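Colleague: Next comes the structure file structure_35.tsv, holding TSV, C-alpha atoms.
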chain	number	residue	atom	x	y	z
A	857	MET	CA	1.63	31.84	-8.63
A	858	ASN	CA	0.17	28.85	-10.45
A	859	ASN	CA	-0.73	25.50	-8.92
A	860	GLU	CA	2.46	23.74	-10.08
A	861	THR	CA	4.67	26.45	-8.54
A	862	THR	CA	2.79	26.31	-5.25
A	863	THR	CA	3.06	22.52	-5.19
A	864	LEU	CA	6.78	22.66	-5.92
A	865	ILE	CA	7.41	25.19	-3.14
A	866	SER	CA	5.38	23.08	-0.71
A	867	LEU	CA	7.27	19.99	-1.80
A	868	LYS	CA	10.60	21.69	-1.09
A	869	GLU	CA	9.32	22.66	2.37
A	870	ALA	CA	8.13	19.10	3.03
A	871	MET	CA	11.49	17.71	1.89
A	872	LYS	CA	13.16	19.69	4.68
A	873	ARG	CA	10.88	18.01	7.26
A	874	LEU	CA	11.05	14.45	5.90
A	875	THR	CA	13.92	12.00	6.08
A	876	SER	CA	15.20	10.50	2.83
A	877	MET	CA	13.57	7.19	3.83
A	878	GLU	CA	10.18	8.88	4.29
A	879	LEU	CA	10.56	10.68	0.95
A	880	ASN	CA	11.44	7.38	-0.73
A	881	ILE	CA	8.31	5.80	0.72
A	882	LEU	CA	6.16	8.64	-0.67
A	883	TYR	CA	8.04	8.41	-3.97
A	884	SER	CA	7.27	4.69	-4.09
A	885	TYR	CA	3.53	5.34	-3.84
A	886	VAL	CA	3.75	8.11	-6.44
A	887	ILE	CA	5.69	6.05	-8.98
A	888	GLU	CA	3.40	3.05	-8.49
A	889	VAL	CA	0.31	5.18	-9.14
A	890	LEU	CA	1.86	6.73	-12.25
A	891	ILE	CA	2.85	3.29	-13.56
A	892	CYS	CA	-0.64	1.97	-12.76
A	893	LEU	CA	-2.29	4.79	-14.72
A	894	HIS	CA	0.01	4.31	-17.71
A	895	THR	CA	-0.58	0.54	-17.68
A	896	ARG	CA	-4.36	0.99	-17.58
A	897	VAL	CA	-4.24	3.36	-20.55
A	898	LEU	CA	-2.23	0.81	-22.53
A	899	GLU	CA	-4.68	-1.96	-21.60
A	900	LYS	CA	-7.59	0.10	-22.95
A	901	LEU	CA	-5.72	1.26	-26.04
A	902	PRO	CA	-3.68	-1.78	-27.12
A	903	ASP	CA	-3.36	-0.49	-30.69
A	904	LEU	CA	-1.53	2.61	-29.39
A	905	VAL	CA	1.00	0.81	-27.17
A	906	ARG	CA	3.94	1.66	-29.45
A	907	GLY	CA	2.91	5.32	-29.64
A	908	LEU	CA	2.46	5.70	-25.87
A	909	PRO	CA	5.70	4.34	-24.36
A	910	THR	CA	5.56	6.59	-21.28
A	911	LEU	CA	3.04	8.37	-19.10
A	912	ALA	CA	4.44	11.64	-20.44
A	913	SER	CA	3.48	10.53	-23.96
A	914	VAL	CA	-0.06	9.83	-22.72
A	915	LEU	CA	-0.26	13.26	-21.11
A	916	ARG	CA	0.93	14.93	-24.32
A	917	ARG	CA	-1.31	12.91	-26.64
A	918	LYS	CA	-4.49	13.37	-24.61
A	919	VAL	CA	-4.48	17.07	-25.48
A	920	LYS	CA	-4.96	16.44	-29.22
A	921	ASN	CA	-6.32	12.90	-29.35
A	922	LYS	CA	-9.92	12.57	-28.16
A	923	ARG	CA	-9.73	8.80	-27.82
A	924	VAL	CA	-6.69	9.01	-25.53
A	925	ARG	CA	-8.35	11.84	-23.58
A	926	VAL	CA	-11.59	9.89	-23.05
A	927	VAL	CA	-9.70	6.80	-21.87
A	928	TRP	CA	-7.46	8.90	-19.61
A	929	GLU	CA	-10.44	10.66	-18.01
A	930	SER	CA	-12.29	7.37	-17.47
A	931	ILE	CA	-9.24	5.83	-15.79
A	932	LEU	CA	-8.84	8.83	-13.50
A	933	GLU	CA	-12.50	8.54	-12.57
A	934	GLU	CA	-12.20	4.79	-11.93
A	935	CYS	CA	-9.26	5.48	-9.62
A	936	GLY	CA	-10.92	8.40	-7.85
A	937	LEU	CA	-8.28	10.84	-9.10
A	938	GLN	CA	-8.45	14.20	-10.86
A	939	GLU	CA	-6.07	16.14	-13.11
A	940	GLY	CA	-4.92	18.23	-10.14
A	941	ASP	CA	-3.78	15.05	-8.39
A	942	ILE	CA	-1.73	14.06	-11.42
A	943	THR	CA	-0.14	17.51	-11.57
A	944	ALA	CA	0.86	17.27	-7.91
A	945	LEU	CA	2.11	13.68	-8.24
A	946	CYS	CA	4.10	14.44	-11.40
A	947	THR	CA	5.61	17.50	-9.70
A	948	PHE	CA	6.66	15.29	-6.79
A	949	PHE	CA	8.08	12.72	-9.19
A	950	ILE	CA	10.08	15.33	-11.12
A	951	ALA	CA	11.40	17.02	-7.99
A	952	ARG	CA	12.32	13.78	-6.22
A	953	GLY	CA	12.82	11.18	-8.97
A	954	ASN	CA	16.52	11.59	-9.65
A	955	LYS	CA	17.53	10.89	-6.05
A	956	ALA	CA	14.77	8.51	-5.04
A	957	GLU	CA	14.73	4.83	-4.32
A	958	HIS	CA	11.68	2.62	-4.79
A	959	TYR	CA	10.54	0.59	-1.79
A	960	THR	CA	8.22	-2.40	-2.19
A	961	ALA	CA	5.01	-2.59	-0.15
A	962	LYS	CA	6.61	-4.99	2.34
A	963	VAL	CA	9.58	-2.70	2.91
A	964	ARG	CA	7.33	0.37	3.22
A	965	GLN	CA	5.28	-1.34	5.93
A	966	MET	CA	8.42	-2.30	7.84
A	967	TYR	CA	9.53	1.33	8.03
A	968	ILE	CA	6.24	3.16	8.47
A	969	ARG	CA	3.07	1.66	9.88
A	970	ASP	CA	0.79	4.62	9.11
A	971	VAL	CA	1.72	6.54	5.98
A	972	THR	CA	-1.49	8.59	6.25
A	973	PHE	CA	-0.30	9.99	9.57
A	974	LEU	CA	3.07	10.82	8.01
A	975	ILE	CA	1.46	12.68	5.09
A	976	THR	CA	-1.08	14.62	7.13
A	977	ASN	CA	1.53	15.74	9.66
A	978	MET	CA	4.46	16.51	7.36
A	979	VAL	CA	2.92	17.82	4.12
A	980	LYS	CA	1.34	21.21	4.76
A	981	ASN	CA	0.13	22.07	1.23
A	982	GLN	CA	-3.45	20.80	1.13
A	983	ALA	CA	-3.46	19.96	-2.60
A	984	LEU	CA	-0.22	17.97	-2.37
A	985	GLN	CA	-1.35	16.31	0.86
A	986	ASP	CA	-4.68	15.27	-0.67
A	987	SER	CA	-3.00	13.96	-3.83
A	988	LEU	CA	-0.48	11.90	-1.85
A	989	LEU	CA	-3.26	10.49	0.34
A	990	ARG	CA	-5.25	9.51	-2.76
A	991	ALA	CA	-2.14	7.90	-4.28
A	992	VAL	CA	-1.79	5.77	-1.17
A	993	GLN	CA	-5.47	4.79	-1.37
A	994	VAL	CA	-5.16	3.80	-5.04
A	995	ILE	CA	-2.17	1.57	-4.32
A	996	GLU	CA	-3.47	0.06	-1.09
A	997	LYS	CA	-7.20	-0.18	-1.87
A	998	GLY	CA	-7.40	0.03	-5.65
A	999	LYS	CA	-9.29	3.33	-5.63
A	1000	ALA	CA	-9.18	6.68	-3.88
A	1001	VAL	CA	-12.21	7.80	-1.95
A	1002	ARG	CA	-12.98	11.46	-2.52
A	1003	THR	CA	-14.35	13.35	0.43
A	1004	PRO	CA	-17.02	15.96	-0.18
A	1005	GLU	CA	-15.53	19.44	-0.55
A	1006	LYS	CA	-17.81	21.00	2.02
A	1007	GLN	CA	-18.74	18.79	4.92
A	1008	LYS	CA	-21.24	20.08	7.45
A	1009	SER	CA	-19.47	19.97	10.74
A	1010	SER	CA	-21.12	22.26	13.24
A	1011	LEU	CA	-23.84	20.94	15.51
A	1012	GLU	CA	-26.23	23.60	14.27
A	1013	GLU	CA	-26.00	22.18	10.75
A	1014	LEU	CA	-26.33	18.57	11.92
A	1015	ILE	CA	-29.23	18.99	14.32
A	1016	PRO	CA	-32.48	20.32	12.90
A	1017	SER	CA	-33.73	23.49	14.57
A	1018	VAL	CA	-36.59	23.19	17.04
A	1019	LYS	CA	-39.23	25.92	16.93
A	1020	ASN	CA	-41.24	26.83	20.04
Render the structure in this file as C-alpha cells.

Modeller:
Amino acid sequence: MNNETTTLISLKEAMKRLTSMELNILYSYVIEVLICLHTRVLEKLPDLVRGLPTLASVLRRKVKNKRVRVVWESILEECGLQEGDITALCTFFIARGNKAEHYTAKVRQMYIRDVTFLITNMVKNQALQDSLLRAVQVIEKGKAVRTPEKQKSSLEELIPSVKN
C-alpha cells in the first residue's frame, strides 16, 4: 500500500470517530493552509498568475517547471512543511471537501479550545496526525515547527555515564 492509500484509510477511520463539526474544523485548517500555499506561490511568481489558477495547477506545473518547483520548495520550507504533508492534506481535502463547511478562526475557537488535543486523540495515522498538526501551526503561528525524528528520551541517553 502506498502512502496516499494509507492516509485515505486512516482518514476514513478518523471520520467515524469525529463529529461533522470536528471534521469541518479540521477541514477549515486544511483549506486555509492550501490557500496560503497557493497565494504565496502566486506572490513569488506574479508573471505566472494566469497559468496557475489553482493549487492543483501549481502541483502539476512544478513537476516540469524548475522555477515553479524551486518556489514551491522554498515556500514549503518557509512554512515548515514537506511534500508528505501536502499529500496528506490534499487527501483530506479530496475526501472531505464536497461535504465540508469552512469555519472562521473565531468560530473554530468557540467550538474547540484545543484542536491539538482533538487531532492527537482522534487521528491515529501518524503521518496524517503530524500533517494536520503542522497545518494548525502554520495557520495559528505562521510556521510549523518540525520536531526531530529521533528524540533521545531515556534517562540513560540524557545522563552521561559515570565510570568508577

Colleague: If we count all atoms listed in the file, what is near Met877 (chain A) at a cut-off of 9 Å, once residues fewer than 4 positions away on the same chain are taken out, given as a list of chain:residue names?

Modeller: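 My reading of the contact set: A:Ile881, A:Leu882, A:Glu957, A:Tyr967.
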
Colleague: Find the residue from A:Glu888, A:Asp970, A:Glu929, A:Glu899 that sits nearest to Val994 (chain A); use all atoms listed in the file when measuring.

Modeller: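 That would be A:Glu888, the residue with the smallest distance to Val994 (chain A).
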
Colleague: Would you mind reading off the distance between CA of Gln985 (chain A) and CA of Glu869 (chain A), one decimal, in Å?

Modeller: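 Separation between CA of Gln985 (chain A) and CA of Glu869 (chain A): 12.5 Å.
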
Colleague: Could you pull the residues within 10 Å of region 889-898 of chain A, counting only C-alpha atoms, minus those fewer than 2 positions along the same chain, as number ranges by chain?

Modeller: A: 883-887, 900-915, 924-925, 927-932, 935, 942, 945-946, 949, 988, 990-995, 998

Colleague: Of the residues A:Val919, A:Val963, A:Ala951, A:Ile968, which is the one nearest to Thr875 (chain A), using only C-alpha atoms?

Modeller: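 That would be A:Ile968, the residue with the smallest distance to Thr875 (chain A).
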
Colleague: Hey, can I get the axis-aligned box for region 888-906 of chain A? All listed atoms, 8 Å padding on each side, centre and edge lengths in Å to one decimal, as JSON.

Modeller:
{"center_x": -1.8, "center_y": 2.4, "center_z": -19.6, "size_x": 27.5, "size_y": 24.7, "size_z": 38.2}

Colleague: So which one's closest to Thr943 (chain A), A:Ser876, A:Ser987, A:Asn977, A:Asn921? Using all atoms listed in the file, please.

Modeller: A:Ser987

Colleague: Enter the distance from CA of Leu989 (chain A) to CA of Thr972 (chain A), in Å, rounded to one decimal.

Modeller: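 Calculated distance between CA of Leu989 (chain A) and CA of Thr972 (chain A) is 6.5 Å.
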
Colleague: Go ahead and compute the interatomic distance for CA of Asn954 (chain A) and CA of Lys980 (chain A), in Å to one decimal.

Modeller: 23.0 Å
